[in-house]
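Okay, entry-v3.pdb is below, PDB, C-alpha atoms, pLDDT in the B column:
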```
ATOM      1  CA  MET A   1     117.710  91.168  97.839  1.00 59.00           C
ATOM      2  CA  PRO A   2     115.820  92.672  94.879  1.00 72.00           C
ATOM      3  CA  TRP A   3     112.978  90.887  93.162  1.00 78.00           C
ATOM      4  CA  ARG A   4     114.125  87.563  91.756  1.00 74.00           C
ATOM      5  CA  GLY A   5     112.713  88.428  88.323  1.00 77.00           C
ATOM      6  CA  PRO A   6     109.933  86.880  86.245  1.00 73.00           C
ATOM      7  CA  GLU A   7     109.924  83.114  85.910  1.00 74.00           C
ATOM      8  CA  GLU A   8     107.080  83.079  83.416  1.00 74.00           C
ATOM      9  CA  PRO A   9     105.582  85.611  81.006  1.00 78.00           C
ATOM     10  CA  GLY A  10     103.394  88.252  82.613  1.00 81.00           C
ATOM     11  CA  GLU A  11     104.680  87.824  86.165  1.00 89.00           C
ATOM     12  CA  PHE A  12     105.417  90.960  88.194  1.00 94.00           C
ATOM     13  CA  PRO A  13     106.215  91.796  91.832  1.00 95.00           C
ATOM     14  CA  THR A  14     103.175  92.622  93.936  1.00 96.00           C
ATOM     15  CA  LEU A  15     101.889  92.646  97.494  1.00 97.00           C
ATOM     16  CA  GLY A  16      98.508  91.653  96.060  1.00 96.00           C
ATOM     17  CA  HIS A  17      98.822  87.967  96.972  1.00 96.00           C
ATOM     18  CA  GLU A  18      99.581  88.802 100.604  1.00 97.00           C
ATOM     19  CA  VAL A  19      96.805  91.413 100.705  1.00 98.00           C
ATOM     20  CA  ALA A  20      94.276  88.986  99.205  1.00 98.00           C
ATOM     21  CA  ALA A  21      95.220  86.243 101.675  1.00 98.00           C
ATOM     22  CA  TRP A  22      94.743  88.670 104.582  1.00 98.00           C
ATOM     23  CA  ILE A  23      91.310  89.730 103.322  1.00 98.00           C
ATOM     24  CA  GLU A  24      90.055  86.166 102.904  1.00 98.00           C
ATOM     25  CA  ALA A  25      91.373  85.101 106.317  1.00 98.00           C
ATOM     26  CA  SER A  26      90.161  88.166 108.244  1.00 98.00           C
ATOM     27  CA  LEU A  27      86.897  89.452 106.761  1.00 98.00           C
ATOM     28  CA  VAL A  28      83.302  88.354 106.203  1.00 97.00           C
ATOM     29  CA  ILE A  29      80.583  89.115 103.658  1.00 96.00           C
ATOM     30  CA  PRO A  30      78.887  92.271 105.009  1.00 95.00           C
ATOM     31  CA  ASP A  31      75.328  91.906 103.660  1.00 91.00           C
ATOM     32  CA  GLY A  32      72.896  89.756 101.723  1.00 89.00           C
ATOM     33  CA  GLU A  33      71.901  86.137 102.220  1.00 91.00           C
ATOM     34  CA  ARG A  34      75.491  85.097 102.962  1.00 92.00           C
ATOM     35  CA  THR A  35      76.191  87.752 105.592  1.00 94.00           C
ATOM     36  CA  GLY A  36      78.855  86.574 108.010  1.00 94.00           C
ATOM     37  CA  GLU A  37      80.385  83.963 105.702  1.00 96.00           C
ATOM     38  CA  PRO A  38      84.086  84.300 104.803  1.00 97.00           C
ATOM     39  CA  PHE A  39      84.784  86.992 102.211  1.00 97.00           C
ATOM     40  CA  VAL A  40      86.138  85.096  99.196  1.00 97.00           C
ATOM     41  CA  LEU A  41      87.447  87.204  96.332  1.00 96.00           C
ATOM     42  CA  THR A  42      86.347  86.582  92.774  1.00 95.00           C
ATOM     43  CA  ASP A  43      89.040  86.090  90.154  1.00 94.00           C
ATOM     44  CA  GLU A  44      88.422  89.622  88.864  1.00 93.00           C
ATOM     45  CA  GLN A  45      88.673  91.146  92.358  1.00 94.00           C
ATOM     46  CA  TYR A  46      91.857  89.182  92.979  1.00 95.00           C
ATOM     47  CA  MET A  47      93.369  90.436  89.733  1.00 94.00           C
ATOM     48  CA  HIS A  48      92.466  94.002  90.666  1.00 93.00           C
ATOM     49  CA  LEU A  49      94.413  93.622  93.937  1.00 95.00           C
ATOM     50  CA  LEU A  50      97.432  92.204  92.120  1.00 95.00           C
ATOM     51  CA  HIS A  51      97.624  95.336  89.975  1.00 93.00           C
ATOM     52  CA  ALA A  52      96.617  97.773  92.723  1.00 94.00           C
ATOM     53  CA  TYR A  53      99.536  96.576  94.871  1.00 95.00           C
ATOM     54  CA  ARG A  54     101.990  96.022  92.018  1.00 95.00           C
ATOM     55  CA  LEU A  55     105.552  97.059  92.879  1.00 96.00           C
ATOM     56  CA  VAL A  56     108.405  98.383  90.789  1.00 94.00           C
ATOM     57  CA  PRO A  57     111.112  95.677  90.491  1.00 92.00           C
ATOM     58  CA  GLN A  58     113.758  97.762  92.275  1.00 91.00           C
ATOM     59  CA  ALA A  59     111.515  98.939  95.117  1.00 94.00           C
ATOM     60  CA  LYS A  60     113.183  99.754  98.431  1.00 93.00           C
ATOM     61  CA  ALA A  61     111.716  99.592 101.917  1.00 92.00           C
ATOM     62  CA  GLY A  62     110.742 103.011 103.225  1.00 90.00           C
ATOM     63  CA  GLU A  63     109.899 104.473  99.800  1.00 90.00           C
ATOM     64  CA  GLY A  64     106.176 104.667 100.571  1.00 88.00           C
ATOM     65  CA  SER A  65     104.052 105.037  97.441  1.00 88.00           C
ATOM     66  CA  ASP A  66     107.188 105.274  95.294  1.00 91.00           C
ATOM     67  CA  ALA A  67     107.621 101.519  95.753  1.00 94.00           C
ATOM     68  CA  PHE A  68     104.407 100.917  93.811  1.00 95.00           C
ATOM     69  CA  LYS A  69     103.923 101.036  90.060  1.00 93.00           C
ATOM     70  CA  TYR A  70     100.602 102.861  90.391  1.00 90.00           C
ATOM     71  CA  ASN A  71      99.752 105.702  92.785  1.00 85.00           C
ATOM     72  CA  GLY A  72      96.081 104.758  92.924  1.00 83.00           C
ATOM     73  CA  THR A  73      93.377 102.746  91.185  1.00 85.00           C
ATOM     74  CA  MET A  74      89.950 103.262  89.666  1.00 83.00           C
ATOM     75  CA  LEU A  75      87.462 100.408  89.566  1.00 82.00           C
ATOM     76  CA  ILE A  76      84.769 100.974  86.927  1.00 83.00           C
ATOM     77  CA  ARG A  77      81.970  98.424  87.043  1.00 81.00           C
ATOM     78  CA  PRO A  78      78.134  98.394  86.845  1.00 80.00           C
ATOM     79  CA  GLN A  79      75.838  98.544  89.858  1.00 76.00           C
ATOM     80  CA  LYS A  80      75.605  95.415  92.008  1.00 74.00           C
ATOM     81  CA  TRP A  81      79.009  94.183  90.827  1.00 78.00           C
ATOM     82  CA  GLY A  82      80.356  94.430  94.376  1.00 81.00           C
ATOM     83  CA  LYS A  83      82.538  97.539  94.257  1.00 87.00           C
ATOM     84  CA  ASP A  84      81.545  98.795  97.702  1.00 90.00           C
ATOM     85  CA  PRO A  85      82.211  95.505  99.548  1.00 93.00           C
ATOM     86  CA  LEU A  86      85.573  95.233  97.785  1.00 94.00           C
ATOM     87  CA  ALA A  87      86.391  98.853  98.651  1.00 93.00           C
ATOM     88  CA  ALA A  88      85.400  98.131 102.257  1.00 95.00           C
ATOM     89  CA  ALA A  89      87.672  95.090 102.307  1.00 96.00           C
ATOM     90  CA  ILE A  90      90.555  97.203 101.010  1.00 96.00           C
ATOM     91  CA  VAL A  91      89.843  99.825 103.697  1.00 96.00           C
ATOM     92  CA  CYS A  92      90.109  97.086 106.341  1.00 97.00           C
ATOM     93  CA  VAL A  93      93.388  95.723 105.032  1.00 97.00           C
ATOM     94  CA  GLU A  94      94.785  99.249 104.684  1.00 96.00           C
ATOM     95  CA  ALA A  95      93.899  99.773 108.346  1.00 97.00           C
ATOM     96  CA  LEU A  96      95.319  96.547 109.752  1.00 97.00           C
ATOM     97  CA  GLY A  97      97.028  94.473 107.081  1.00 97.00           C
ATOM     98  CA  PRO A  98     100.310  94.143 105.133  1.00 97.00           C
ATOM     99  CA  VAL A  99      99.894  96.952 102.589  1.00 96.00           C
ATOM    100  CA  ARG A 100     103.236  98.786 102.875  1.00 96.00           C
ATOM    101  CA  PHE A 101     106.327  97.454 101.131  1.00 96.00           C
ATOM    102  CA  GLY A 102     108.731  96.219 103.797  1.00 96.00           C
ATOM    103  CA  GLY A 103     111.492  94.748 101.641  1.00 96.00           C
ATOM    104  CA  TRP A 104     112.403  91.481  99.936  1.00 95.00           C
ATOM    105  CA  ASP A 105     112.745  88.091 101.623  1.00 93.00           C
ATOM    106  CA  ALA A 106     115.601  85.643 101.059  1.00 90.00           C
ATOM    107  CA  ASN A 107     113.853  84.260  97.965  1.00 88.00           C
ATOM    108  CA  GLY A 108     113.428  87.673  96.378  1.00 89.00           C
ATOM    109  CA  GLU A 109     109.705  87.857  97.156  1.00 92.00           C
ATOM    110  CA  PRO A 110     108.127  91.110  98.422  1.00 95.00           C
ATOM    111  CA  VAL A 111     107.122  91.407 102.068  1.00 96.00           C
ATOM    112  CA  GLY A 112     104.264  93.597 103.277  1.00 97.00           C
ATOM    113  CA  GLN A 113     103.831  95.338 106.608  1.00 97.00           C
ATOM    114  CA  PRO A 114     101.042  97.418 108.202  1.00 96.00           C
ATOM    115  CA  TRP A 115     100.956 101.181 108.467  1.00 94.00           C
ATOM    116  CA  ALA A 116     102.261 102.452 111.809  1.00 93.00           C
ATOM    117  CA  THR A 117      99.353 104.897 112.261  1.00 94.00           C
ATOM    118  CA  PRO A 118      96.850 104.635 109.392  1.00 94.00           C
ATOM    119  CA  TRP A 119      94.341 107.421 108.750  1.00 94.00           C
ATOM    120  CA  ILE A 120      91.682 106.388 106.262  1.00 93.00           C
ATOM    121  CA  GLN A 121      88.652 108.192 104.871  1.00 91.00           C
ATOM    122  CA  CYS A 122      85.643 106.829 102.980  1.00 91.00           C
ATOM    123  CA  ALA A 123      84.660 109.838 100.880  1.00 87.00           C
ATOM    124  CA  GLY A 124      81.598 110.522  98.789  1.00 83.00           C
ATOM    125  CA  ASN A 125      79.601 113.365  97.341  1.00 78.00           C
ATOM    126  CA  ALA A 126      76.922 112.853 100.038  1.00 78.00           C
ATOM    127  CA  GLU A 127      76.604 111.031 103.355  1.00 83.00           C
ATOM    128  CA  GLU A 128      74.751 108.096 101.813  1.00 81.00           C
ATOM    129  CA  GLN A 129      77.551 107.544  99.290  1.00 81.00           C
ATOM    130  CA  CYS A 130      80.101 107.552 102.104  1.00 87.00           C
ATOM    131  CA  ALA A 131      77.971 105.046 103.983  1.00 89.00           C
ATOM    132  CA  ASN A 132      77.931 102.678 100.992  1.00 88.00           C
ATOM    133  CA  THR A 133      81.579 101.910 101.757  1.00 91.00           C
ATOM    134  CA  TYR A 134      81.731 102.704 105.472  1.00 94.00           C
ATOM    135  CA  ARG A 135      78.795 100.503 106.587  1.00 95.00           C
ATOM    136  CA  PRO A 136      80.324  97.301 105.150  1.00 95.00           C
ATOM    137  CA  VAL A 137      83.592  98.165 106.918  1.00 97.00           C
ATOM    138  CA  VAL A 138      81.714  98.315 110.239  1.00 97.00           C
ATOM    139  CA  THR A 139      80.081  94.924 109.634  1.00 97.00           C
ATOM    140  CA  MET A 140      83.307  93.280 108.472  1.00 97.00           C
ATOM    141  CA  LEU A 141      85.157  94.376 111.607  1.00 97.00           C
ATOM    142  CA  ARG A 142      82.313  93.731 114.067  1.00 96.00           C
ATOM    143  CA  GLU A 143      81.098  90.393 112.759  1.00 95.00           C
ATOM    144  CA  GLY A 144      84.285  88.758 111.497  1.00 96.00           C
ATOM    145  CA  PRO A 145      87.446  87.219 112.983  1.00 97.00           C
ATOM    146  CA  LEU A 146      88.818  90.670 113.894  1.00 97.00           C
ATOM    147  CA  ASN A 147      86.022  91.271 116.416  1.00 95.00           C
ATOM    148  CA  GLY A 148      87.604  91.534 119.852  1.00 93.00           C
ATOM    149  CA  THR A 149      90.974  92.760 118.574  1.00 96.00           C
ATOM    150  CA  ALA A 150      92.583  94.708 121.413  1.00 96.00           C
ATOM    151  CA  GLY A 151      92.361  98.452 120.836  1.00 96.00           C
ATOM    152  CA  LEU A 152      89.908  98.170 117.929  1.00 97.00           C
ATOM    153  CA  ASP A 153      86.841 100.347 118.630  1.00 97.00           C
ATOM    154  CA  VAL A 154      84.260 100.109 115.848  1.00 97.00           C
ATOM    155  CA  GLY A 155      81.705 102.918 115.918  1.00 96.00           C
ATOM    156  CA  ASP A 156      78.919 103.932 113.582  1.00 93.00           C
ATOM    157  CA  THR A 157      80.620 107.240 112.730  1.00 92.00           C
ATOM    158  CA  ARG A 158      84.299 106.495 113.382  1.00 95.00           C
ATOM    159  CA  ILE A 159      86.592 103.508 113.903  1.00 97.00           C
ATOM    160  CA  ASN A 160      89.570 103.860 116.226  1.00 97.00           C
ATOM    161  CA  LEU A 161      92.431 101.492 115.376  1.00 97.00           C
ATOM    162  CA  PRO A 162      94.799  99.725 117.800  1.00 96.00           C
ATOM    163  CA  SER A 163      97.764 101.747 116.543  1.00 90.00           C
ATOM    164  CA  GLY A 164      96.090 105.077 117.248  1.00 93.00           C
ATOM    165  CA  GLY A 165      94.916 105.535 113.667  1.00 95.00           C
ATOM    166  CA  ARG A 166      91.316 105.794 112.494  1.00 96.00           C
ATOM    167  CA  ILE A 167      88.787 105.213 109.731  1.00 96.00           C
ATOM    168  CA  GLU A 168      86.100 107.824 109.114  1.00 95.00           C
ATOM    169  CA  PRO A 169      83.397 108.623 106.537  1.00 93.00           C
ATOM    170  CA  VAL A 170      83.502 112.140 105.056  1.00 89.00           C
ATOM    171  CA  THR A 171      81.786 114.064 102.311  1.00 82.00           C
ATOM    172  CA  ALA A 172      84.421 115.129  99.797  1.00 58.00           C
ATOM    173  CA  SER A 173      85.412 118.756 100.274  1.00 55.00           C
ATOM    174  CA  SER A 174      89.081 119.365  99.612  1.00 46.00           C
ATOM    175  CA  ARG A 175      88.835 122.986 100.696  1.00 48.00           C
ATOM    176  CA  ALA A 176      87.400 122.025 104.084  1.00 46.00           C
ATOM    177  CA  ARG A 177      89.891 119.230 104.702  1.00 50.00           C
ATOM    178  CA  GLN A 178      93.184 120.809 103.684  1.00 50.00           C
ATOM    179  CA  GLY A 179      96.115 119.601 105.766  1.00 52.00           C
ATOM    180  CA  ALA A 180      94.864 116.076 106.405  1.00 56.00           C
ATOM    181  CA  ARG A 181      97.665 113.528 106.015  1.00 79.00           C
ATOM    182  CA  LEU A 182      95.807 110.398 104.975  1.00 87.00           C
ATOM    183  CA  THR A 183      97.332 107.029 104.250  1.00 91.00           C
ATOM    184  CA  PHE A 184      94.375 105.871 102.143  1.00 91.00           C
ATOM    185  CA  CYS A 185      90.980 107.022 100.911  1.00 89.00           C
ATOM    186  CA  THR A 186      88.107 105.646  98.864  1.00 89.00           C
ATOM    187  CA  LEU A 187      86.135 107.942  96.568  1.00 85.00           C
ATOM    188  CA  THR A 188      82.640 106.672  95.759  1.00 74.00           C
ATOM    189  CA  GLU A 189      81.252 107.907  92.419  1.00 61.00           C
ATOM    190  CA  PRO A 190      83.995 110.515  91.926  1.00 51.00           C
ATOM    191  CA  GLN A 191      82.370 111.652  88.688  1.00 47.00           C
ATOM    192  CA  LEU A 192      79.795 113.419  90.901  1.00 47.00           C
ATOM    193  CA  MET A 193      82.397 115.273  92.972  1.00 48.00           C
ATOM    194  CA  THR A 194      82.492 118.659  91.281  1.00 49.00           C
ATOM    195  CA  ASP A 195      82.757 122.188  92.570  1.00 49.00           C
ATOM    196  CA  SER A 196      80.231 124.927  91.845  1.00 46.00           C
ATOM    197  CA  SER A 197      82.010 125.895  88.614  1.00 42.00           C
ATOM    198  CA  GLY A 198      81.909 122.335  87.286  1.00 43.00           C
ATOM    199  CA  GLY A 199      85.575 121.573  87.968  1.00 41.00           C
ATOM    200  CA  VAL A 200      86.452 118.108  89.207  1.00 40.00           C
ATOM    201  CA  GLU A 201      86.959 118.223  92.966  1.00 47.00           C
ATOM    202  CA  ALA A 202      87.796 114.544  93.449  1.00 44.00           C
ATOM    203  CA  GLY A 203      91.327 115.074  92.148  1.00 44.00           C
ATOM    204  CA  ASP A 204      91.771 118.009  94.509  1.00 45.00           C
ATOM    205  CA  HIS A 205      90.605 115.784  97.353  1.00 44.00           C
ATOM    206  CA  ARG A 206      93.346 113.261  96.580  1.00 45.00           C
ATOM    207  CA  VAL A 207      96.102 115.842  96.290  1.00 40.00           C
ATOM    208  CA  ALA A 208      95.047 117.852  99.320  1.00 39.00           C
ATOM    209  CA  GLN A 209      94.628 114.898 101.641  1.00 44.00           C
ATOM    210  CA  LEU A 210      96.869 112.015 100.685  1.00 46.00           C
ATOM    211  CA  GLY A 211     100.266 113.679 100.738  1.00 45.00           C
ATOM    212  CA  ARG A 212     103.320 111.829  99.505  1.00 45.00           C
ATOM    213  CA  HIS A 213     102.683 108.252 100.620  1.00 51.00           C
ATOM    214  CA  GLY A 214      98.896 107.807 100.533  1.00 52.00           C
ATOM    215  CA  ARG A 215      97.135 105.982  97.697  1.00 55.00           C
ATOM    216  CA  PRO A 216      93.433 106.307  96.686  1.00 52.00           C
ATOM    217  CA  VAL A 217      90.914 103.961  95.136  1.00 53.00           C
ATOM    218  CA  ASP A 218      87.984 105.362  93.125  1.00 49.00           C
ATOM    219  CA  GLY A 219      84.720 103.532  92.488  1.00 47.00           C
ATOM    220  CA  CYS A 220      82.398 104.374  89.589  1.00 40.00           C
ATOM    221  CA  PHE A 221      79.141 102.853  88.396  1.00 33.00           C
ATOM    222  CA  GLU A 222      79.605 103.149  84.633  1.00 32.00           C
ATOM    223  CA  ARG A 223      81.014 100.229  82.695  1.00 29.00           C
ATOM    224  CA  LEU A 224      83.611 101.820  80.444  1.00 29.00           C
ATOM    225  CA  GLY A 225      85.895  98.909  79.746  1.00 31.00           C
ATOM    226  CA  PRO A 226      88.026  96.153  81.248  1.00 33.00           C
ATOM    227  CA  LEU A 227      90.324  96.568  84.222  1.00 31.00           C
TER     228      LEU A 227
END
```

Show me this structure written as structure tokens.
Amino acid sequence: MPWRGPEEPGEFPTLGHEVAAWIEASLVIPDGERTGEPFVLTDEQYMHLLHAYRLVPQAKAGEGSDAFKYNGTMLIRPQKWGKDPLAAAIVCVEALGPVRFGGWDANGEPVGQPWATPWIQCAGNAEEQCANTYRPVVTMLREGPLNGTAGLDVGDTRINLPSGGRIEPVTASSRARQGARLTFCTLTEPQLMTDSSGGVEAGDHRVAQLGRHGRPVDGCFERLGPL
């Protein structure tokens, strides 16, 4: 059954509601005075997820990224806004949660399902930038409700997933990583990812690694405008 259609102005099909519910039920705040408390999305973070996981109305199960309206997202916000914790939360849900379009239910609502074997990278121009996203992922999985999940092995340099997939931090080098077939990647401060001639390497990283069905999220520090 295809999407039932909008019942009020501005409504669109999305897995964002299901993704947001998974995040709030499964993850914790990774640092600060409220470390270990449930990770509750702000309205702006929630809205970002609704658009990041927006579907085309005639999406079909098995289409991969073609089921989504957007092939990736870029979140542009000032420092201390919370981009890295949000990116870490998205990494976690991409690893274990309902992020792939699985079809429509009897009411015409979209249904999400996990990746069979996710391969996720937290990329940055330097190791410390990678760690800005990867470290919160480690805390969220070790200290939250998912701790003790069978087959989940959370390490400081690599996370092995129950399905046989993995999460890993890498410095962005598309030439060195050609052939990787990622399902998802985060790019921290992609404006700094340039090659020696000044060309933008972040785009090459996406193309070289993600393949047909993967989708990236970029995080920048400049405030250039609304979502």

Taking the file as shown, find all residues satisfying the PyMOL selection byres ((chain A and resi 139-153) around 8) and write them as a PyMOL selection string. chain A and resi 26-30+36+89+92+135-138+154-155+159-163

List as a Markdown table every residue of segment 76-163 of chain A that is in contact with segment 46-65 of chain A, defined as an atom at most 7 Å from one of its atoms (using only C-alpha atoms), together with the nearest atom pair and the distance in Å rounded to one decimal, sorted by chain and then rising number.
```
| residue | atom | partner | partner_atom | distance |
| --- | --- | --- | --- | --- |
| A:Arg100 | CA | A:Gly64 | CA | 7.0 |
| A:Phe101 | CA | A:Ala61 | CA | 5.9 |
| A:Gly102 | CA | A:Ala61 | CA | 4.9 |
| A:Gly103 | CA | A:Ala61 | CA | 4.9 |
```

d(atom CA of Gln129 of chain A, atom CA of Gly72 of chain A) in Å: 19.8 Å

Counting all atoms listed in the file, the residue of A:Pro85, A:Pro118, A:Pro78, A:Pro98 that sits nearest Ala21 of chain A: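 Comparing A:Pro85, A:Pro118, A:Pro78, A:Pro98 against Ala21 of chain A, the winner is A:Pro98.
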
I would like the residues chosen by the PyMOL selection byres ((chain A and resi 120) around 9) on the shown file; could you give them as a PDB file with C-alpha atoms, keeping the file's coordinate frame?
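expr37.pdb, written as the output of this step:
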```pdb
ATOM      1  CA  VAL A  91      89.843  99.825 103.697  1.00 96.00           C
ATOM      2  CA  GLU A  94      94.785  99.249 104.684  1.00 96.00           C
ATOM      3  CA  ALA A  95      93.899  99.773 108.346  1.00 97.00           C
ATOM      4  CA  PRO A 118      96.850 104.635 109.392  1.00 94.00           C
ATOM      5  CA  TRP A 119      94.341 107.421 108.750  1.00 94.00           C
ATOM      6  CA  GLN A 121      88.652 108.192 104.871  1.00 91.00           C
ATOM      7  CA  CYS A 122      85.643 106.829 102.980  1.00 91.00           C
ATOM      8  CA  GLY A 165      94.916 105.535 113.667  1.00 95.00           C
ATOM      9  CA  ARG A 166      91.316 105.794 112.494  1.00 96.00           C
ATOM     10  CA  ILE A 167      88.787 105.213 109.731  1.00 96.00           C
ATOM     11  CA  GLU A 168      86.100 107.824 109.114  1.00 95.00           C
ATOM     12  CA  PRO A 169      83.397 108.623 106.537  1.00 93.00           C
ATOM     13  CA  LEU A 182      95.807 110.398 104.975  1.00 87.00           C
ATOM     14  CA  THR A 183      97.332 107.029 104.250  1.00 91.00           C
ATOM     15  CA  PHE A 184      94.375 105.871 102.143  1.00 91.00           C
ATOM     16  CA  CYS A 185      90.980 107.022 100.911  1.00 89.00           C
ATOM     17  CA  THR A 186      88.107 105.646  98.864  1.00 89.00           C
TER      18      THR A 186
END
```

Assuming 4 Å of padding per side, give the centre and edge lengths of the axis-aligned box around every listed atom of segment 38-57 of chain A, in Å to one decimal and as AutoDock Vina command-line options.
```
--center_x 97.6 --center_y 91.3 --center_z 96.8 --size_x 35.0 --size_y 22.1 --size_z 23.9
```

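Take the candidates A:Thr133, A:Thr35, A:Gln45, A:Asn107 and check each one against Ala20 of chain A using all atoms listed in the file; the shortest distance goes to A:Gln45.
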
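Each of A:Leu187, A:Ala106, A:Leu86, A:Ala67 was compared to Gly124 of chain A using all atoms listed in the file, and A:Leu187 turns out to be the nearest.
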
Taking all atoms listed in the file into account, which of A:Leu96, A:Leu75, A:Ala123, A:Val111 comes nearest Gly164 of chain A?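 Among the listed residues, A:Leu96 lies closest to Gly164 of chain A.
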
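Take atom CA of Glu18 of chain A and atom CA of Thr188 of chain A: the distance between them is 25.1 Å.
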
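With atom CA of Asp105 of chain A on one side and atom CA of Pro13 of chain A on the other, the separation reads 12.3 Å.
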
Near Glu109 of chain A, counting all atoms listed in the file, which residues have an atom at most 10 Å away, once you skip same-chain residues fewer than 4 positions from it, shown as a list of chain:residue names?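 Result of the neighbour search: A:Met1, A:Pro2, A:Trp3, A:Arg4, A:Gly5, A:Pro13, A:Thr14, A:Leu15, A:Gly103, A:Trp104, A:Asp105.
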
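Point (99.4, 95.8, 107.1) has the following residues at most 6 Å away: A:Leu96, A:Gly97, A:Pro98, A:Val99, A:Gln113, A:Pro114, A:Trp115 (atoms considered: only C-alpha atoms).
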
Determine the nearest neighbour of Gly112 of chain A from the options A:Ala87, A:Leu41, A:Val170, A:Val19, counting only C-alpha atoms. A:Val19
